[in-house]
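Raw target_8.txt, compact mmCIF, C-alpha atoms:
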# COMPACT_ATOMS: atom_id res chain seq x y z
CA MET A 1401 -66.80 -68.77 28.88
CA LEU A 1402 -66.09 -65.76 26.68
CA LYS A 1403 -67.86 -63.48 29.17
CA SER A 1404 -65.76 -64.74 32.09
CA LYS A 1405 -62.58 -64.28 30.05
CA TRP A 1406 -63.66 -60.72 29.25
CA LEU A 1407 -64.40 -60.03 32.91
CA CYS A 1408 -61.05 -61.40 34.00
CA SER A 1409 -59.11 -59.37 31.46
CA THR A 1410 -61.03 -56.20 32.37
CA ALA A 1411 -60.34 -56.74 36.06
CA LEU A 1412 -56.66 -57.27 35.30
CA MET A 1413 -56.48 -54.09 33.19
CA LEU A 1414 -58.17 -52.05 35.92
CA SER A 1415 -55.75 -53.33 38.53
CA LEU A 1416 -52.81 -52.33 36.33
CA ILE A 1417 -54.16 -48.84 35.70
CA THR A 1418 -54.80 -48.14 39.36
CA ASN A 1419 -51.71 -46.70 40.96
CA VAL A 1420 -52.18 -46.52 44.69
CA SER A 1421 -49.21 -45.56 46.81
CA TRP A 1422 -51.25 -44.71 49.93
CA ALA A 1423 -53.74 -47.32 50.99
CA GLU A 1424 -56.05 -47.13 53.94
CA SER A 1425 -56.24 -50.48 55.63
CA ASP A 1426 -58.84 -52.08 57.82
CA ALA A 1427 -57.57 -51.31 61.30
CA GLN A 1428 -55.33 -54.09 62.54
CA PRO A 1429 -53.12 -54.03 65.60
CA ALA A 1430 -49.60 -53.01 64.70
CA PRO A 1431 -47.20 -55.91 65.41
CA PRO A 1432 -45.12 -55.12 68.50
CA PHE A 1433 -41.37 -54.79 68.30
CA SER A 1434 -38.42 -54.11 70.57
CA LEU A 1435 -35.42 -52.70 68.73
CA PRO A 1436 -32.24 -50.86 69.71
CA ASP A 1437 -31.69 -47.20 68.96
CA ILE A 1438 -29.14 -46.90 66.14
CA TYR A 1439 -26.94 -44.56 68.19
CA SER A 1440 -27.39 -45.39 71.87
CA GLY A 1441 -28.37 -49.07 71.59
CA GLU A 1442 -31.17 -48.41 74.08
CA SER A 1443 -34.08 -50.71 73.44
CA LYS A 1444 -37.31 -49.05 72.36
CA THR A 1445 -40.72 -50.60 71.84
CA LEU A 1446 -43.87 -49.56 70.00
CA GLU A 1447 -45.65 -49.61 73.36
CA ASP A 1448 -43.41 -46.74 74.54
CA TYR A 1449 -45.24 -44.46 72.10
CA LYS A 1450 -48.80 -45.56 72.76
CA GLY A 1451 -51.17 -42.61 72.93
CA LYS A 1452 -49.44 -40.83 70.04
CA VAL A 1453 -50.04 -41.04 66.31
CA ILE A 1454 -47.05 -42.92 64.93
CA TYR A 1455 -45.61 -42.78 61.45
CA LEU A 1456 -43.48 -45.92 61.28
CA ASP A 1457 -41.00 -45.67 58.42
CA PHE A 1458 -38.90 -48.59 57.18
CA TRP A 1459 -35.84 -47.34 55.31
CA ALA A 1460 -32.28 -48.20 54.32
CA SER A 1461 -29.17 -46.29 53.23
CA TRP A 1462 -29.33 -47.83 49.75
CA CYS A 1463 -32.90 -46.66 49.21
CA GLY A 1464 -32.99 -43.71 46.79
CA PRO A 1465 -36.45 -42.33 47.71
CA CYS A 1466 -35.34 -42.27 51.37
CA ARG A 1467 -33.08 -39.33 50.53
CA GLN A 1468 -36.27 -37.35 50.00
CA SER A 1469 -38.43 -38.93 52.67
CA LEU A 1470 -36.19 -38.49 55.72
CA PRO A 1471 -35.74 -34.70 55.52
CA LEU A 1472 -39.43 -34.16 54.70
CA LEU A 1473 -40.57 -36.38 57.57
CA ASN A 1474 -38.22 -34.50 59.86
CA GLU A 1475 -39.84 -31.22 58.84
CA LEU A 1476 -43.29 -32.71 59.35
CA ARG A 1477 -42.40 -33.90 62.80
CA ASP A 1478 -41.01 -30.49 63.73
CA GLU A 1479 -44.13 -28.83 62.31
CA LEU A 1480 -46.70 -31.01 64.12
CA GLY A 1481 -44.70 -31.40 67.31
CA SER A 1482 -43.79 -34.55 69.17
CA GLU A 1483 -46.36 -34.30 71.94
CA TYR A 1484 -49.13 -36.14 70.04
CA PHE A 1485 -47.24 -37.36 66.99
CA GLU A 1486 -44.00 -39.20 66.43
CA VAL A 1487 -42.04 -40.52 63.48
CA ILE A 1488 -40.19 -43.76 64.21
CA ALA A 1489 -37.69 -44.83 61.59
CA ILE A 1490 -36.47 -48.42 61.43
CA ASN A 1491 -33.23 -48.80 59.54
CA LEU A 1492 -32.91 -52.13 57.73
CA ASP A 1493 -29.25 -51.97 56.71
CA GLN A 1494 -27.41 -55.18 57.56
CA ASN A 1495 -24.61 -52.96 58.83
CA PRO A 1496 -26.00 -50.12 61.00
CA GLU A 1497 -22.86 -48.08 60.24
CA ASP A 1498 -24.22 -47.61 56.71
CA GLY A 1499 -27.37 -46.18 58.24
CA LYS A 1500 -25.37 -43.85 60.49
CA ARG A 1501 -23.34 -42.58 57.51
CA PHE A 1502 -26.61 -41.84 55.70
CA LEU A 1503 -27.91 -39.96 58.75
CA GLN A 1504 -24.80 -37.80 58.81
CA LYS A 1505 -25.83 -36.47 55.40
CA TYR A 1506 -29.57 -36.42 56.20
CA PRO A 1507 -29.86 -35.91 59.98
CA VAL A 1508 -33.23 -36.29 61.68
CA ASN A 1509 -34.56 -35.47 65.15
CA TYR A 1510 -36.85 -38.45 65.56
CA PRO A 1511 -35.99 -41.90 66.93
CA VAL A 1512 -34.10 -44.16 64.54
CA LEU A 1513 -34.05 -47.84 65.45
CA THR A 1514 -32.15 -50.61 63.74
CA ASP A 1515 -33.19 -54.11 62.68
CA THR A 1516 -30.44 -56.13 61.05
CA THR A 1517 -32.32 -59.43 61.12
CA GLY A 1518 -35.33 -58.46 59.00
CA SER A 1519 -37.78 -59.82 61.58
CA THR A 1520 -39.74 -56.58 61.97
CA PRO A 1521 -40.41 -56.00 58.24
CA GLN A 1522 -41.51 -59.62 58.03
CA LYS A 1523 -44.02 -59.07 60.84
CA TYR A 1524 -45.35 -56.03 59.00
CA GLN A 1525 -45.40 -57.95 55.69
CA LEU A 1526 -43.32 -55.30 53.97
CA SER A 1527 -43.69 -55.56 50.21
CA GLY A 1528 -41.45 -52.75 48.97
CA MET A 1529 -38.91 -50.17 50.00
CA PRO A 1530 -39.53 -47.71 51.48
CA THR A 1531 -42.82 -48.53 53.21
CA SER A 1532 -44.45 -46.64 56.07
CA TYR A 1533 -47.32 -47.43 58.38
CA LEU A 1534 -49.62 -44.89 60.00
CA ILE A 1535 -50.54 -46.13 63.46
CA ASP A 1536 -53.19 -44.50 65.61
CA GLN A 1537 -53.14 -43.72 69.33
CA ASN A 1538 -54.55 -47.18 70.12
CA GLY A 1539 -51.76 -48.97 68.26
CA GLU A 1540 -53.81 -49.90 65.19
CA ILE A 1541 -52.56 -49.55 61.62
CA GLN A 1542 -54.74 -47.03 59.80
CA GLY A 1543 -52.77 -46.68 56.58
CA VAL A 1544 -49.88 -48.08 54.57
CA HIS A 1545 -47.69 -45.96 52.30
CA GLU A 1546 -45.45 -47.70 49.79
CA GLY A 1547 -42.73 -45.79 48.02
CA PHE A 1548 -42.14 -42.08 48.41
CA ARG A 1549 -42.25 -38.96 46.26
CA SER A 1550 -41.89 -35.46 47.66
CA SER A 1551 -45.51 -34.70 46.75
CA ASP A 1552 -46.65 -37.48 49.13
CA ILE A 1553 -45.82 -35.41 52.21
CA ASP A 1554 -49.05 -33.41 51.89
CA LYS A 1555 -51.19 -36.57 51.90
CA ILE A 1556 -49.24 -37.84 54.89
CA ARG A 1557 -49.71 -34.56 56.76
CA LYS A 1558 -53.49 -34.62 56.18
CA ALA A 1559 -53.77 -38.25 57.29
CA VAL A 1560 -51.76 -37.59 60.45
CA GLN A 1561 -53.76 -34.46 61.29
CA THR A 1562 -57.02 -36.36 60.79
CA LEU A 1563 -55.94 -39.05 63.23
CA MET A 1564 -54.69 -36.46 65.71
CA ARG A 1565 -58.08 -34.73 65.63
CA GLN A 1566 -59.99 -38.01 66.01
CA GLY A 1567 -57.86 -38.92 68.99
CA GLY A 1568 -58.89 -35.75 70.77
CA MET B 536 -43.69 -98.86 22.23
CA ASN B 537 -40.19 -99.37 23.65
CA HIS B 538 -39.06 -96.27 21.79
CA LYS B 539 -41.79 -94.20 23.53
CA ILE B 540 -40.84 -95.51 27.00
CA VAL B 541 -37.17 -94.73 26.35
CA SER B 542 -37.93 -91.20 25.12
CA HIS B 543 -40.07 -90.51 28.21
CA LYS B 544 -37.25 -91.63 30.46
CA VAL B 545 -34.79 -89.50 28.54
CA MET B 546 -37.03 -86.46 29.01
CA LEU B 547 -37.53 -87.19 32.70
CA LEU B 548 -33.83 -86.89 33.60
CA PRO B 549 -33.29 -83.30 32.36
CA MET B 550 -36.58 -82.25 33.96
CA LEU B 551 -35.45 -83.75 37.25
CA LEU B 552 -32.11 -81.95 37.01
CA VAL B 553 -33.85 -78.62 36.32
CA ALA B 554 -36.19 -79.16 39.27
CA LEU B 555 -33.25 -79.90 41.58
CA GLY B 556 -31.41 -76.82 40.31
CA MET B 557 -34.40 -74.60 40.97
CA ALA B 558 -34.46 -75.73 44.61
CA GLY B 559 -31.51 -73.38 45.06
CA CYS B 560 -33.59 -70.38 43.93
CA THR B 561 -35.05 -68.10 46.55
CA ALA B 562 -36.97 -64.86 46.58
CA VAL B 563 -35.05 -61.76 47.66
CA GLN B 564 -37.07 -59.83 50.21
CA PRO B 565 -37.47 -56.07 49.59
CA TRP B 566 -35.29 -55.21 52.60
CA GLU B 567 -32.55 -57.54 51.39
CA ARG B 568 -31.96 -55.73 48.12
CA GLY B 569 -29.12 -53.65 49.49
CA GLU B 570 -26.52 -55.86 47.81
CA LEU B 571 -28.35 -55.60 44.49
CA ALA B 572 -28.22 -51.81 44.77
CA ARG B 573 -24.41 -51.75 44.86
CA THR B 574 -22.64 -50.11 41.94
CA GLU B 575 -20.87 -53.38 41.09
CA MET B 576 -24.26 -55.06 40.58
CA LYS B 577 -25.40 -52.63 37.93
CA TRP B 578 -25.46 -53.81 34.38
CA ASP B 579 -24.08 -50.44 33.41
CA PRO B 580 -21.84 -48.81 36.05
CA ASP B 581 -21.12 -45.78 33.87
CA PRO B 582 -24.26 -44.72 31.95
CA MET B 583 -22.72 -41.60 30.40
CA LYS B 584 -19.75 -43.48 28.99
CA SER B 585 -22.07 -46.19 27.68
CA ALA B 586 -24.34 -43.64 26.04
CA LEU B 587 -21.37 -42.07 24.24
CA ARG B 588 -20.05 -45.45 23.16
CA ASP B 589 -23.50 -46.49 21.93
CA HIS B 590 -23.86 -43.27 19.96
CA ILE B 591 -20.53 -43.83 18.21
CA TYR B 592 -21.31 -47.49 17.54
CA PHE B 593 -24.78 -46.93 16.15
CA SER B 594 -23.56 -44.03 14.04
CA LYS B 595 -20.99 -46.30 12.42
CA GLU B 596 -23.43 -49.17 12.05
CA GLY B 597 -26.24 -47.00 10.75
CA SER B 598 -28.61 -48.73 13.18
CA SER B 599 -29.97 -48.13 16.65
CA GLY B 600 -31.25 -49.94 19.70
CA GLY B 601 -30.82 -53.41 21.13
CA ALA B 602 -27.82 -52.57 23.29
CA SER B 603 -29.32 -52.10 26.74
CA SER B 604 -30.96 -54.33 29.27
CA GLY B 605 -32.44 -53.93 32.72
CA GLY B 606 -31.41 -55.57 35.92
CA GLY B 607 -30.01 -55.09 39.40
CA GLY B 608 -30.94 -52.09 41.46
CA CYS B 609 -32.74 -51.70 44.76
CA GLY B 610 -36.25 -52.00 43.34
CA CYS B 611 -37.31 -49.00 45.41
CA ASN B 612 -40.56 -47.24 44.59

Please rewrite the model in this file as structure tokens.
Amino acid sequence: MLKSKWLCSTALMLSLITNVSWAESDAQPAPPFSLPDIYSGESKTLEDYKGKVIYLDFWASWCGPCRQSLPLLNELRDELGSEYFEVIAINLDQNPEDGKRFLQKYPVNYPVLTDTTGSTPQKYQLSGMPTSYLIDQNGEIQGVHEGFRSSDIDKIRKAVQTLMRQGG
Amino acid sequence: MNHKIVSHKVMLLPMLLVALGMAGCTAVQPWERGELARTEMKWDPDPMKSALRDHIYFSKEGSSGGASSGGGGCGCN
């Protein structure tokens, strides 16, 4: 009884000490979505980008770390090119105009879609803001990144480059 | 014996009321925290002014601490 209590408390302590913001996941198919572009309203789906490595980023105008993540992801996308890699941002503001105002201050060159209903983050079982999913060329989730600090961009770059190399 | 039955019934009513009240509670999803991130939802909308006021107060009282609390915010990581 005492031993099991000790084991439980040790396991709990270890889980608290571990601070993982980037977790590799067992490959699961990324849930499909069809969402409008925040500017044009044109509907875009995940299937449209099959064959590329996708960095799917859920963000909102009220999200502080997003002020760092959007410009850095934009630079990454420009650096790696959009032929085999794409960043897709899904704005979760209830009013897309808030997202557009944010993008005026922090403009990006990659597709920004909007989901005002919250159905897409529910499908992806989003547990925090911001959260991003690294999806391979076959449409399978290879990694989940919760939160964002500017130092994370290097880890993201390496993970994307690894997937790009594996995809040939 | 009757006293015990009565006291159990008396306890049951407040517990029932609490349970009914809690039915109105719901979890806020991470992507729904936009409203909680508004300035009006902050406990302390002006941290600098509060820090100055606290400094003056605690200097006069000759004590420190116990004036702040957490709450609100977007919960972003």

Exercise for the section: Tell me, in Å to one decimal, how far atom CA of B:Trp566 is from atom CA of B:Cys611. Expected result: 9.7 Å

Exercise for the section: Take atom CA of A:Asn1495 and atom CA of A:Ile1556 and report the distance between them in Å, one decimal. Expected result: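 A separation of 29.2 Å between them.
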
Exercise for the section: Show which residues sit within 12 Å of A:Gly1567, as a VMD selection string. Count all atoms listed in the file, and ignore same-chain residues fewer than 5 positions away. Expected result: chain A and resid 1450 to 1453 1484 to 1485 1535 to 1539 1560 to 1562

Quick one: write out the picked residues with C-alpha atoms as a CSV table (one decimal), keeping the file's coordinate frame?
chain,number,residue,atom,x,y,z
A,1450,LYS,CA,-48.8,-45.6,72.8
A,1451,GLY,CA,-51.2,-42.6,72.9
A,1452,LYS,CA,-49.4,-40.8,70.0
A,1453,VAL,CA,-50.0,-41.0,66.3
A,1484,TYR,CA,-49.1,-36.1,70.0
A,1485,PHE,CA,-47.2,-37.4,67.0
A,1535,ILE,CA,-50.5,-46.1,63.5
A,1536,ASP,CA,-53.2,-44.5,65.6
A,1537,GLN,CA,-53.1,-43.7,69.3
A,1538,ASN,CA,-54.6,-47.2,70.1
A,1539,GLY,CA,-51.8,-49.0,68.3
A,1560,VAL,CA,-51.8,-37.6,60.4
A,1561,GLN,CA,-53.8,-34.5,61.3
A,1562,THR,CA,-57.0,-36.4,60.8

Exercise for the section: Select, counting all atoms listed in the file, all protein, DNA and RNA residues no farther than 9 Å from (-32.3, -45.7, 56.7) in file coordinates, and express the selection as a PyMOL selection string. Expected result: chain A and resi 1457-1463+1466-1467+1470+1489-1493+1496+1498-1500+1502-1503+1512+1514

Include C-alpha atoms and write out the residues we just selected as a PDB file, in the coordinates of the input.
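The file below, selection.pdb, is the result:
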ATOM      1  CA  ASP A1457     -41.000 -45.670  58.420  1.00  0.00           C
ATOM      2  CA  PHE A1458     -38.900 -48.590  57.180  1.00  0.00           C
ATOM      3  CA  TRP A1459     -35.840 -47.340  55.310  1.00  0.00           C
ATOM      4  CA  ALA A1460     -32.280 -48.200  54.320  1.00  0.00           C
ATOM      5  CA  SER A1461     -29.170 -46.290  53.230  1.00  0.00           C
ATOM      6  CA  TRP A1462     -29.330 -47.830  49.750  1.00  0.00           C
ATOM      7  CA  CYS A1463     -32.900 -46.660  49.210  1.00  0.00           C
ATOM      8  CA  CYS A1466     -35.340 -42.270  51.370  1.00  0.00           C
ATOM      9  CA  ARG A1467     -33.080 -39.330  50.530  1.00  0.00           C
ATOM     10  CA  LEU A1470     -36.190 -38.490  55.720  1.00  0.00           C
ATOM     11  CA  ALA A1489     -37.690 -44.830  61.590  1.00  0.00           C
ATOM     12  CA  ILE A1490     -36.470 -48.420  61.430  1.00  0.00           C
ATOM     13  CA  ASN A1491     -33.230 -48.800  59.540  1.00  0.00           C
ATOM     14  CA  LEU A1492     -32.910 -52.130  57.730  1.00  0.00           C
ATOM     15  CA  ASP A1493     -29.250 -51.970  56.710  1.00  0.00           C
ATOM     16  CA  PRO A1496     -26.000 -50.120  61.000  1.00  0.00           C
ATOM     17  CA  ASP A1498     -24.220 -47.610  56.710  1.00  0.00           C
ATOM     18  CA  GLY A1499     -27.370 -46.180  58.240  1.00  0.00           C
ATOM     19  CA  LYS A1500     -25.370 -43.850  60.490  1.00  0.00           C
ATOM     20  CA  PHE A1502     -26.610 -41.840  55.700  1.00  0.00           C
ATOM     21  CA  LEU A1503     -27.910 -39.960  58.750  1.00  0.00           C
ATOM     22  CA  VAL A1512     -34.100 -44.160  64.540  1.00  0.00           C
ATOM     23  CA  THR A1514     -32.150 -50.610  63.740  1.00  0.00           C
TER      24      THR A1514
END

Problem - Best match for closeness to chain B among A:Glu1540, A:Asp1448, A:Asp1515, A:Asp1437, counting all atoms listed in the file - result: A:Asp1515

Exercise for the section: Find the residue from A:Ile1553, A:Val1544, A:Met1529, A:Leu1563 that sits nearest to A:Gly1464; use only C-alpha atoms when measuring. Expected result: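 Selected residue with least distance to A:Gly1464: A:Met1529.
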
Please enclose the listed atoms of stretch 1495-1511 of chain A in an axis-aligned box, pad each side by 4 Å, and write out the centre and the three edge lengths in Å, rounded to one decimal, as lines of an AutoDock Vina configuration file.
center_x = -29.9
center_y = -44.2
center_z = 61.2
size_x = 22.0
size_y = 25.5
size_z = 19.5

Any chance you could model N, CA and C atoms for stretch 1521-1533 of chain A and send them as a compact mmCIF listing (two decimals), in the coordinates of the input?
# COMPACT_ATOMS: atom_id res chain seq x y z
N PRO A 1521 -39.70 -56.15 59.51
CA PRO A 1521 -40.41 -56.00 58.24
C PRO A 1521 -41.20 -57.25 57.88
N GLN A 1522 -40.74 -58.40 58.31
CA GLN A 1522 -41.51 -59.62 58.03
C GLN A 1522 -42.83 -59.60 58.79
N LYS A 1523 -42.78 -59.14 60.04
CA LYS A 1523 -44.02 -59.07 60.84
C LYS A 1523 -45.01 -58.11 60.19
N TYR A 1524 -44.49 -57.03 59.61
CA TYR A 1524 -45.35 -56.03 59.00
C TYR A 1524 -45.66 -56.36 57.54
N GLN A 1525 -45.15 -57.49 57.06
CA GLN A 1525 -45.40 -57.95 55.69
C GLN A 1525 -45.02 -56.88 54.67
N LEU A 1526 -43.82 -56.34 54.85
CA LEU A 1526 -43.32 -55.30 53.97
C LEU A 1526 -43.20 -55.84 52.55
N SER A 1527 -43.74 -55.06 51.58
CA SER A 1527 -43.69 -55.56 50.21
C SER A 1527 -42.84 -54.69 49.29
N GLY A 1528 -42.28 -53.61 49.82
CA GLY A 1528 -41.45 -52.75 48.97
C GLY A 1528 -40.68 -51.79 49.84
N MET A 1529 -39.70 -51.14 49.25
CA MET A 1529 -38.91 -50.17 50.00
C MET A 1529 -38.98 -48.80 49.34
N PRO A 1530 -39.17 -47.72 50.07
CA PRO A 1530 -39.53 -47.71 51.48
C PRO A 1530 -41.03 -47.94 51.68
N THR A 1531 -41.41 -48.37 52.86
CA THR A 1531 -42.82 -48.53 53.21
C THR A 1531 -43.03 -47.94 54.60
N SER A 1532 -44.14 -47.24 54.77
CA SER A 1532 -44.45 -46.64 56.07
C SER A 1532 -45.85 -47.04 56.50
N TYR A 1533 -46.02 -47.05 57.81
CA TYR A 1533 -47.32 -47.43 58.38
C TYR A 1533 -47.79 -46.32 59.31
